[in-house]
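Trainee: Okay, handing you the structure first.
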Amino acid sequence: MNKMSDQTCAGCGKGKPTMQCPKCREIGLPPTYYCEQTCFQKSWKEHKKEHKKAPEASIPTMSAESMMMFNFTGELRPGKITPMRMVPESIARPDYANHPQGHSLSEQASNSAKSVRLRGDDVEKMRKVCRLAREVLDIACAAVRPGVTGDEIDRIVHEACIERKSYPSPLNYYGFPKSVCTSVNEVICHGIPDSRPLVEGDIVNIDVTLFHDGVHGDLNETVFVGKPDAESIKLVLAAYECLWASIEDVKPGMFYRNIAKKIDARATVDGLSVVKTYCGHGIHKLFHTAPTVPHFAGNRATGVMEPGHCFTIEPMINQGGRGDVLWPDNWTSVTPDGKRSAQFEETMIVTDRGRGVLVPGTPRGSGAGVAFHGPGVDNGAAGSGKLT
């Protein structure tokens, strides 16, 4: 966070300003400071133009040396990004939002072995935040088309979150620089939205999480950019069916480790593989917490599902091997062979009658992007390695 006392006046250039442009704060732009009202008024004619300027994507996510030396596994290369977008001070935020390194001290202090259990108003809070997250995800997916950049999708998501009085959970989480993850083609997860335009035939996963009224809601989908090829259709459909096959096993008494069996079985039918490194996770007041929900068969996860448990399932399915490689930006995880990866995610609660997906999606058309949505779920009680 920038401290006002450390800044200079944007009008006269003197130190120790006493006020900040309220419009910049309102619309989430980087703060602009002034020493007094007179300086602010004199600068207003020129300064107000900044409120309409689109930020320039000029920040590299990897050094020039890394770009030359790193052995990229596929065709994708990182673009540049715009400055971290600001969130109005009136919007409540998680503890890591203002931490210099984005550390969540509440996550670090929590009992990571204890699964989230919703009680009382918790269910309604989670239902609401997941409904808002679904709205934002739908808006983002509708924007997908050839020529649109990841950074533009990030802007759309960021503004949609602000309109809903919500904080975009990825923003500054352990230093993540954007408000959404956009994972294109061989990117498994945690892709940083940048200046690269989407291309006809790409696939892109859009992973949206909102923080609203003290809780997080986490959802993602993989969509097509323009007309997909047959292999991409097979991959994305399989990833979708892997998710829903596992959701069918969510019920009281089920071991968390066992839901991966159906994921692995469905992926194997099409000769696909399940990523082992990244897992589903508990979610509520904390972005990531217990339980850990692996997606690959033979895992040794502990814990049994009980009514009120709240967590995500989000299997990542690769066309090639199940391994992963991390880019030097320390976020972007890609397939080791450059082949494509797809993923779908839902946040759910275990109910007395089985599973409840907090806010399942609705069928999407085939214009900008295509996604699949599953059979009816039990909404009676809820409506509906590394953590992702």
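All residue names refer to the structure tokens as shown: chains lettered A, B, ... in order, residues numbered from 1 in each chain, ligands numbered from 1 in order.
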For stretch 206-222 of chain A, find every residue with an atom within 9 Å (counting only C-alpha atoms), except residues of its own chain fewer than 4 positions away, and show them as a ChimeraX atom specification.
Mentor: /A:91-94,122,125-134,136-137,140-141,153,157,161,164-170,179-184,189-190,236,239-240,283-287,312,314,342-347,369-372
Trainee: Would you please give, as a ChimeraX atom specification, all residues of stretch 223-291 of chain A that DSSP assigns to helix (DSSP H, G or I) based on the backbone?
Mentor: /A:230-247,256-269
Trainee: Keeping N, CA and C atoms, export the residues of the selection given above as a JSON list (two decimals), in the first residue's frame.
Mentor:
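The result, stored in result-v8.json:
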```json
[["chain", "number", "residue", "atom", "x", "y", "z"],
["A", 230, "ALA", "N", -11.60, -30.98, -33.24],
["A", 230, "ALA", "CA", -12.24, -32.15, -32.64],
["A", 230, "ALA", "C", -11.54, -32.58, -31.36],
["A", 231, "GLU", "N", -10.21, -32.51, -31.33],
["A", 231, "GLU", "CA", -9.48, -32.94, -30.14],
["A", 231, "GLU", "C", -9.74, -32.01, -28.95],
["A", 232, "SER", "N", -9.90, -30.72, -29.23],
["A", 232, "SER", "CA", -10.20, -29.78, -28.14],
["A", 232, "SER", "C", -11.60, -30.00, -27.60],
["A", 233, "ILE", "N", -12.54, -30.30, -28.50],
["A", 233, "ILE", "CA", -13.90, -30.61, -28.05],
["A", 233, "ILE", "C", -13.88, -31.84, -27.15],
["A", 234, "LYS", "N", -13.16, -32.87, -27.55],
["A", 234, "LYS", "CA", -13.09, -34.09, -26.75],
["A", 234, "LYS", "C", -12.48, -33.81, -25.38],
["A", 235, "LEU", "N", -11.42, -33.01, -25.35],
["A", 235, "LEU", "CA", -10.76, -32.68, -24.08],
["A", 235, "LEU", "C", -11.68, -31.91, -23.15],
["A", 236, "VAL", "N", -12.30, -30.86, -23.66],
["A", 236, "VAL", "CA", -13.13, -30.00, -22.82],
["A", 236, "VAL", "C", -14.36, -30.76, -22.32],
["A", 237, "LEU", "N", -14.97, -31.54, -23.20],
["A", 237, "LEU", "CA", -16.12, -32.34, -22.77],
["A", 237, "LEU", "C", -15.72, -33.33, -21.69],
["A", 238, "ALA", "N", -14.57, -33.96, -21.85],
["A", 238, "ALA", "CA", -14.10, -34.92, -20.86],
["A", 238, "ALA", "C", -13.84, -34.24, -19.52],
["A", 239, "ALA", "N", -13.24, -33.05, -19.54],
["A", 239, "ALA", "CA", -12.96, -32.33, -18.30],
["A", 239, "ALA", "C", -14.26, -32.00, -17.58],
["A", 240, "TYR", "N", -15.25, -31.61, -18.34],
["A", 240, "TYR", "CA", -16.56, -31.31, -17.76],
["A", 240, "TYR", "C", -17.19, -32.56, -17.15],
["A", 241, "GLU", "N", -17.13, -33.66, -17.88],
["A", 241, "GLU", "CA", -17.74, -34.90, -17.39],
["A", 241, "GLU", "C", -16.96, -35.48, -16.22],
["A", 242, "CYS", "N", -15.65, -35.24, -16.17],
["A", 242, "CYS", "CA", -14.86, -35.66, -15.01],
["A", 242, "CYS", "C", -15.36, -34.97, -13.74],
["A", 243, "LEU", "N", -15.61, -33.67, -13.84],
["A", 243, "LEU", "CA", -16.11, -32.93, -12.69],
["A", 243, "LEU", "C", -17.43, -33.50, -12.20],
["A", 244, "TRP", "N", -18.37, -33.65, -13.14],
["A", 244, "TRP", "CA", -19.71, -34.07, -12.73],
["A", 244, "TRP", "C", -19.75, -35.53, -12.29],
["A", 245, "ALA", "N", -18.88, -36.36, -12.82],
["A", 245, "ALA", "CA", -18.80, -37.74, -12.34],
["A", 245, "ALA", "C", -18.39, -37.76, -10.87],
["A", 246, "SER", "N", -17.46, -36.89, -10.50],
["A", 246, "SER", "CA", -17.02, -36.84, -9.10],
["A", 246, "SER", "C", -18.08, -36.22, -8.19],
["A", 247, "ILE", "N", -18.80, -35.23, -8.70],
["A", 247, "ILE", "CA", -19.85, -34.60, -7.90],
["A", 247, "ILE", "C", -20.92, -35.61, -7.50],
["A", 256, "TYR", "N", -12.85, -38.40, 1.16],
["A", 256, "TYR", "CA", -12.46, -37.41, 0.16],
["A", 256, "TYR", "C", -11.56, -38.02, -0.91],
["A", 257, "ARG", "N", -10.73, -38.94, -0.54],
["A", 257, "ARG", "CA", -9.80, -39.52, -1.51],
["A", 257, "ARG", "C", -10.49, -40.34, -2.59],
["A", 258, "ASN", "N", -11.72, -40.79, -2.31],
["A", 258, "ASN", "CA", -12.37, -41.73, -3.22],
["A", 258, "ASN", "C", -13.07, -41.07, -4.40],
["A", 259, "ILE", "N", -13.38, -39.77, -4.32],
["A", 259, "ILE", "CA", -14.09, -39.15, -5.44],
["A", 259, "ILE", "C", -13.21, -39.07, -6.68],
["A", 260, "ALA", "N", -11.89, -39.22, -6.49],
["A", 260, "ALA", "CA", -10.98, -39.15, -7.64],
["A", 260, "ALA", "C", -11.10, -40.37, -8.55],
["A", 261, "LYS", "N", -11.65, -41.46, -8.05],
["A", 261, "LYS", "CA", -11.71, -42.68, -8.85],
["A", 261, "LYS", "C", -12.51, -42.46, -10.14],
["A", 262, "LYS", "N", -13.65, -41.78, -10.02],
["A", 262, "LYS", "CA", -14.47, -41.55, -11.21],
["A", 262, "LYS", "C", -13.82, -40.54, -12.16],
["A", 263, "ILE", "N", -13.08, -39.60, -11.60],
["A", 263, "ILE", "CA", -12.37, -38.64, -12.45],
["A", 263, "ILE", "C", -11.34, -39.37, -13.31],
["A", 264, "ASP", "N", -10.53, -40.19, -12.67],
["A", 264, "ASP", "CA", -9.50, -40.93, -13.38],
["A", 264, "ASP", "C", -10.12, -41.88, -14.40],
["A", 265, "ALA", "N", -11.20, -42.54, -14.00],
["A", 265, "ALA", "CA", -11.84, -43.50, -14.91],
["A", 265, "ALA", "C", -12.37, -42.80, -16.16],
["A", 266, "ARG", "N", -13.02, -41.64, -15.97],
["A", 266, "ARG", "CA", -13.58, -40.93, -17.15],
["A", 266, "ARG", "C", -12.46, -40.40, -18.03],
["A", 267, "ALA", "N", -11.39, -39.87, -17.46],
["A", 267, "ALA", "CA", -10.28, -39.35, -18.27],
["A", 267, "ALA", "C", -9.63, -40.47, -19.07],
["A", 268, "THR", "N", -9.48, -41.63, -18.46],
["A", 268, "THR", "CA", -8.81, -42.75, -19.12],
["A", 268, "THR", "C", -9.57, -43.22, -20.35],
["A", 269, "VAL", "N", -10.88, -43.11, -20.34],
["A", 269, "VAL", "CA", -11.70, -43.53, -21.50],
["A", 269, "VAL", "C", -11.21, -42.86, -22.77]]
```
Trainee: Using only C-alpha atoms, pick whichever of A:Glu159, A:Glu306, A:Asp194, A:Asp229 has the shortest atom-to-atom distance to A:Met62.
Mentor: A:Asp194
Trainee: From stretch 86-272 of chain A, collect each residue whose DSSP state is strand (DSSP E) and return the set as a count of residues only.
Mentor: 29
Trainee: Check the smallest atom-to-atom distance from each of A:Ser110, A:Asn318, A:Ser104, A:Thr73 to A:Gly338 using only C-alpha atoms, then report the winner.
Mentor: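 Ranked by minimum distance to A:Gly338, first place goes to A:Thr73.
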Trainee: Using only C-alpha atoms, what table do you get, as CSV, when you list each residue of stretch 178-254 of chain A with an atom no more than 10 Å from stretch 143-151 of chain A, its nearest pair of atoms, and their distance in Å rounded to one decimal, rows by chain then rising number?
Mentor:
```
residue,atom,partner,partner_atom,distance
A:Lys178,CA,A:Asp151,CA,8.5
A:Ser179,CA,A:Asp151,CA,9.7
A:Val180,CA,A:Gly150,CA,9.3
A:Cys181,CA,A:Gly150,CA,8.8
A:Thr182,CA,A:Gly150,CA,6.4
A:Ser183,CA,A:Gly150,CA,9.0
A:Val184,CA,A:Gly150,CA,9.2
A:Gly191,CA,A:Gly150,CA,9.2
A:Ile192,CA,A:Gly150,CA,7.8
A:Pro193,CA,A:Gly150,CA,4.2
A:Asp194,CA,A:Asp151,CA,4.7
A:Ser195,CA,A:Thr149,CA,5.5
A:Arg196,CA,A:Thr149,CA,5.4
A:Pro197,CA,A:Thr149,CA,4.1
A:Leu198,CA,A:Pro146,CA,5.0
A:Val199,CA,A:Pro146,CA,4.8
A:Glu200,CA,A:Pro146,CA,5.4
A:Gly201,CA,A:Pro146,CA,8.5
A:Asp202,CA,A:Pro146,CA,8.5
A:Ile203,CA,A:Val144,CA,9.8
A:Val204,CA,A:Val144,CA,8.5
A:Ile206,CA,A:Gly150,CA,9.6
A:Val223,CA,A:Val144,CA,8.0
A:Phe224,CA,A:Val144,CA,8.0
A:Val225,CA,A:Arg145,CA,5.3
A:Gly226,CA,A:Arg145,CA,6.1
A:Lys227,CA,A:Pro146,CA,9.9
```
Trainee: With only C-alpha atoms as the basis for distance, which of A:Arg155, A:Lys339, A:Lys14, A:His99 is at the shortest distance from A:Ser273?
Mentor: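 Going through A:Arg155, A:Lys339, A:Lys14, A:His99 one by one, the smallest distance to A:Ser273 is for A:Lys339.
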Trainee: As a PDB file with N, CA and C atoms, in the first residue's frame, please: the residues near A:Asn330 (cut-off 10 Å, only C-alpha atoms, same-chain neighbours under 3 positions excluded).
Mentor:
```pdb
ATOM      1  N   THR A  61       6.025 -10.053 -17.166  1.00  0.00           N
ATOM      2  CA  THR A  61       5.881 -10.989 -16.053  1.00  0.00           C
ATOM      3  C   THR A  61       7.107 -11.885 -15.913  1.00  0.00           C
ATOM      4  N   MET A  62       8.007 -11.821 -16.895  1.00  0.00           N
ATOM      5  CA  MET A  62       9.252 -12.579 -16.858  1.00  0.00           C
ATOM      6  C   MET A  62      10.381 -11.688 -17.339  1.00  0.00           C
ATOM      7  N   PHE A 176      -0.323 -12.340  -6.569  1.00  0.00           N
ATOM      8  CA  PHE A 176      -0.891 -12.501  -7.920  1.00  0.00           C
ATOM      9  C   PHE A 176      -1.365 -11.133  -8.410  1.00  0.00           C
ATOM     10  N   HIS A 190      -3.710 -20.996 -13.234  1.00  0.00           N
ATOM     11  CA  HIS A 190      -3.012 -19.807 -12.723  1.00  0.00           C
ATOM     12  C   HIS A 190      -2.372 -18.961 -13.824  1.00  0.00           C
ATOM     13  N   LEU A 326       6.311 -25.230 -14.158  1.00  0.00           N
ATOM     14  CA  LEU A 326       6.017 -23.872 -13.726  1.00  0.00           C
ATOM     15  C   LEU A 326       6.879 -22.874 -14.483  1.00  0.00           C
ATOM     16  N   TRP A 327       6.235 -21.857 -15.073  1.00  0.00           N
ATOM     17  CA  TRP A 327       6.974 -20.776 -15.725  1.00  0.00           C
ATOM     18  C   TRP A 327       7.752 -19.964 -14.682  1.00  0.00           C
ATOM     19  N   SER A 333       1.249 -22.495 -14.656  1.00  0.00           N
ATOM     20  CA  SER A 333       1.563 -23.922 -14.690  1.00  0.00           C
ATOM     21  C   SER A 333       1.134 -24.483 -16.040  1.00  0.00           C
TER      22      SER A 333
END
```
Trainee: Near A:Thr32, counting only C-alpha atoms, which residues have an atom at most 8 Å away, once you skip same-chain residues fewer than 3 positions from it, shown as a list of chain:residue names?
Mentor: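 Counting only the stated atoms, we get A:Cys9, A:Ala10, A:Gln20, A:Cys21, A:Cys24.
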Trainee: Which residues are close to A:Pro291, i.e. within 9 Å by only C-alpha atoms, leaving aside same-chain residues fewer than 2 positions away? Reply as a list of chain:residue names.
Mentor: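 Using only C-alpha atoms, the neighbours found are A:Ser112, A:Ala113, A:Lys114, A:Ser115, A:Val116, A:Tyr256, A:Gly280, A:His281, A:Gly282, A:Ile283, A:His288, A:Thr289, A:Val293, A:Ala301, A:Thr302, A:Gly303, A:His309, A:Cys310, A:Phe311.
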Trainee: Which distance in Å separates atom CA of A:Pro294 and atom CA of A:Thr277, to one decimal?
Mentor: 8.4 Å
Trainee: Taking only C-alpha atoms into account, which of A:Arg300, A:Lys42, A:His295, A:Lys251 comes nearest A:Met316?
Mentor: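 With only C-alpha atoms as the atom set, the closest residue is A:His295.
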Trainee: Tell me, as a VMD selection string, which residues lie within 8 Å of A:Met19, counting only C-alpha atoms; anything in the same chain fewer than 4 positions away does not count.
Mentor: chain A and resid 4 33 to 37
Trainee: Just to be explicit: take each residue in the selection above, keep N, CA, C and O atoms, and write the result as an mmCIF file, in the first residue's frame.
Mentor:
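again-v6.cif, freshly written:
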```
data_model
loop_
_atom_site.group_PDB
_atom_site.id
_atom_site.type_symbol
_atom_site.label_atom_id
_atom_site.label_comp_id
_atom_site.auth_asym_id
_atom_site.auth_seq_id
_atom_site.Cartn_x
_atom_site.Cartn_y
_atom_site.Cartn_z
ATOM 1 N N MET A 4 0.305 7.957 2.098
ATOM 2 C CA MET A 4 0.208 9.322 1.612
ATOM 3 C C MET A 4 1.432 10.133 2.028
ATOM 4 O O MET A 4 1.937 10.964 1.255
ATOM 5 N N TYR A 33 -2.236 12.072 -5.359
ATOM 6 C CA TYR A 33 -2.246 12.866 -4.134
ATOM 7 C C TYR A 33 -2.005 14.350 -4.429
ATOM 8 O O TYR A 33 -1.321 14.710 -5.395
ATOM 9 N N TYR A 34 -2.551 15.197 -3.546
ATOM 10 C CA TYR A 34 -2.387 16.642 -3.645
ATOM 11 C C TYR A 34 -2.137 17.204 -2.251
ATOM 12 O O TYR A 34 -2.631 16.673 -1.249
ATOM 13 N N CYS A 35 -1.360 18.312 -2.220
ATOM 14 C CA CYS A 35 -1.021 18.899 -0.914
ATOM 15 C C CYS A 35 -2.191 19.674 -0.327
ATOM 16 O O CYS A 35 -2.326 19.783 0.892
ATOM 17 N N GLU A 36 -3.052 20.213 -1.190
ATOM 18 C CA GLU A 36 -4.200 20.966 -0.691
ATOM 19 C C GLU A 36 -5.243 21.106 -1.794
ATOM 20 O O GLU A 36 -5.017 20.777 -2.957
ATOM 21 N N GLN A 37 -6.429 21.607 -1.418
ATOM 22 C CA GLN A 37 -7.541 21.725 -2.350
ATOM 23 C C GLN A 37 -7.195 22.639 -3.524
ATOM 24 O O GLN A 37 -7.621 22.397 -4.658
#
```
Trainee: So what do you get for atom CA of A:Ser341 versus atom CA of A:Arg77, distance-wise?
Mentor: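 A separation of 15.9 Å between them.
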Trainee: Please report the interatomic distance between atom CA of A:Arg85 and atom CA of A:Asp154 in Å with one decimal.
Mentor: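 Interatomic distance, atom CA of A:Arg85 to atom CA of A:Asp154: 9.3 Å.
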